[in-house]
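See below for the structure under consideration.
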Amino acid sequence: MSSRNLSEGSRNASKSGQRTALACAPCRLSKTKCNGQDPCARCNDRGIVCIPGVKRRKPVRRSAVPSSNENARIDDAEAPESTAQADLLKQEVHCSVWGSDASESSTLNLHYGPSSTFVFLQQLHRFLLGSAAPRQSTINSQSTNYTSEAISEFGYSGIFFGNESDNNESAAGLSLELPSFDLAATFLETYLTTVHHVFLFCDQGTLRKLFYNMYSAPSSNQNSRDSTLVMIVLAVGAFLSNYPIWADSLYRRVAHRLDSWGDSVSLRSVQVSILLSEYHNSQGRPNSAMLAIGRAVHKAFAAGLHRDMPSQGGTRDSTESDRSRERQATFWSLYANDRMASLSLGRPASINELDINILDPSWDSGLMAAVTIARISFKVNYNIYGRNRGSVSDFCRKVQEIYDEMISFHKSLPQDQKFPLFESELGQYSANLTASQMILAFHFFQTMIITLRPCLVLDAARRRSTKKSTIPSDALIWLNDAADRCRDASVHIINVFSRAVKVSSFISCMRHSRFFIEGACFALLFDVVRDPARDGCERNFEAIAQGLHCFTLLPADRLLMVSTTGVGRILQLTKQMVATAKAEANQKVDNQLPLPIDFSNESIGFDQGQALGEGLWDEAGISNNDIFDLSYYLWCEDPRPLSVD
């Protein structure tokens, strides 16, 4: 390029004497003037790519003394009510729980987020005991074992920390042999009729085939990945069938095999890790279950399950299509369980939606429904419990949006997946509810209850506060309606399970039903605690009693005993609170009533008119004598004319 052209370009670039608001990226990076054209003169002269810039926002210059309109905008943006509402949400909805458990070798520090049941238990404890209980918002990292105030008192510390099963059998005493074929077949069928509807990555026919292969040639399948998958299936089925010794024995063999595989990644290793999380969950070890899901997610990403499997040739044969379908089903089962565990424990999910590059599992209605609920639960975790600032009205709007989305989801379900949504539909579905429908109903109502639970807490905080409420009046009305929805959902899921378990024996084997019934009872108890003096608390107590009866229909174990004791203890304290609140309310009403008039010194007779005041009855148009004549006919049983002797 000639020097003449270069000089002309330089003159054009500096003609305005100031930088343009649309300076290109190279000129902005080199801090040189740009004429704002595309391409600009400088980039054209230098022969480089000119990347157009973005128009800068002009800085807002404020006057020393703001105008009245500016003052109004500042007041609206930083109103005390907005700050108070943000603090209210942070203290009542977005608070978490920490706990530490010191052992001989290490100290366990665990965190559960705002959507966790443990946090809700803390809230229930605080409102139940009033000022005697510490506020969660004051808990910090220096606090000592905060769970002692509520979790331990109600008996949930073992589940909070995920203590090992209190099985008295030592490791040396566990059998290293497989259970008999008939007993193992019972374990397999128990699994297939219950938990299998949650993990749909391997069809029933394939699992039965792998089971028969393992027992037909046990020596050749000692360390195969297929036999390891069957073993963890049998371990879960053994626990559901109330054979804890066999369950623990099979679990330990699977854990040992998984460790021996090292860093090798396969489809079976992902599936085994997923089922290990379910085993930990059934044993009351939610933290271990979440960690197992995390390991399964990392293995799934390493195996590329989140990406579509490339075909070996131009087209896929049936075997390759089946393998691709199993890969996708495994990933989506993991996805659904990751999201539900995230919501239950209040921790971030391990799978990012943006990383997924496979189609939705539309070929299976049950798996597709589980994925849809999982996506809704993700919104609950981040939109409802993940906001640290905002107004109560905005919070209520988001809760309403998720509630409407859940109702729309239920309407879109195929008929074989539907479950009773309201009390009026109980007779229509409960008699023939399948395991798949019951599991979906549990997850649906659990998500709905967790979505609406903050409304109970906010309403309780508003009622207990001695300060002027910062919540708008329309939001208060909506909070009360949302609290009613939460109560109705809690009562309804207890009724659904109570009716279904009477006609479907396999539903009684679903031990994790305890978790969902327990959560519904906690919501009903808090609904009473938020306003113990109101009418209608008996309906909550009746539903809780029915929930405790449902516990008696489940296999008895340590976890069921913890739930029964915990719910019963809180129920007892809540009933005492209701009795005290109603007694105080009655006393207040009695104090406001007027004192009774003492007529003991009044004269009674025909001169009563003069005693009451001269001319009182004359003004009413009735003579004094007529008044007593009327009273005679009103009180005399036989109003016949008096006879004169």
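Labeling convention for the structure tokens: chains A, B, ... as they appear, residues from 1 per chain, ligands from 1 in order of appearance.
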
Write out as CSV the residues of range 226-309 of chain A that have any atom within 12 Å of an atom of range 350-356 of chain A, one row each with the nearest atom pair and its distance in Å to one decimal, counting only C-alpha atoms, sorted by chain and then rising number.
residue,atom,partner,partner_atom,distance
A:Met290,CA,A:Ser350,CA,9.6
A:Leu291,CA,A:Ser350,CA,10.2
A:Ala292,CA,A:Ser350,CA,11.3
A:Ile293,CA,A:Ser350,CA,8.3
A:Gly294,CA,A:Ser350,CA,6.4
A:Arg295,CA,A:Ser350,CA,9.6
A:Ala296,CA,A:Ser350,CA,9.8
A:Val297,CA,A:Ser350,CA,6.9
A:His298,CA,A:Ser350,CA,8.7
A:Lys299,CA,A:Ser350,CA,11.8
A:Ala300,CA,A:Ile351,CA,10.1
A:Phe301,CA,A:Ile351,CA,9.3
A:Gly304,CA,A:Ile356,CA,9.9
A:Leu305,CA,A:Ile356,CA,8.9
A:His306,CA,A:Ile356,CA,5.1
A:Arg307,CA,A:Ile356,CA,6.5
A:Asp308,CA,A:Ile356,CA,9.1

Exercise for review: Point out the residue among A:Asn213, A:Ser412, A:Asn242, A:Gln546 with the least atom-to-atom distance to Val230 in chain A, counting only C-alpha atoms.
Suggested key: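 Smallest separation from Val230 in chain A among the options: A:Asn213.
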
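Going from CA of Lys418 in chain A to CA of Gly346 in chain A covers 27.9 Å.
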
Point to revise | Computed interatomic separation between CA of Thr117 in chain A and CA of Ile449 in chain A (Å) | key: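 Result for CA of Thr117 in chain A versus CA of Ile449 in chain A: 10.9 Å, one decimal.
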
Practice item. Using only C-alpha atoms, determine which residues lie at most 9 Å from Thr565 in chain A, disregarding the query and same-chain residues fewer than 5 positions distant; provide the list as a list of chain:residue names. Key: A:Phe154, A:Gly155, A:Leu560, A:Ile570

Produce a file of the selected residues containing C-alpha atoms, as a compact mmCIF listing (two decimals), in the first residue's frame.
# COMPACT_ATOMS: atom_id res chain seq x y z
CA PHE A 154 -36.40 -35.39 66.72
CA GLY A 155 -34.13 -38.40 66.12
CA LEU A 560 -39.24 -46.59 59.76
CA ILE A 570 -43.58 -33.44 66.73
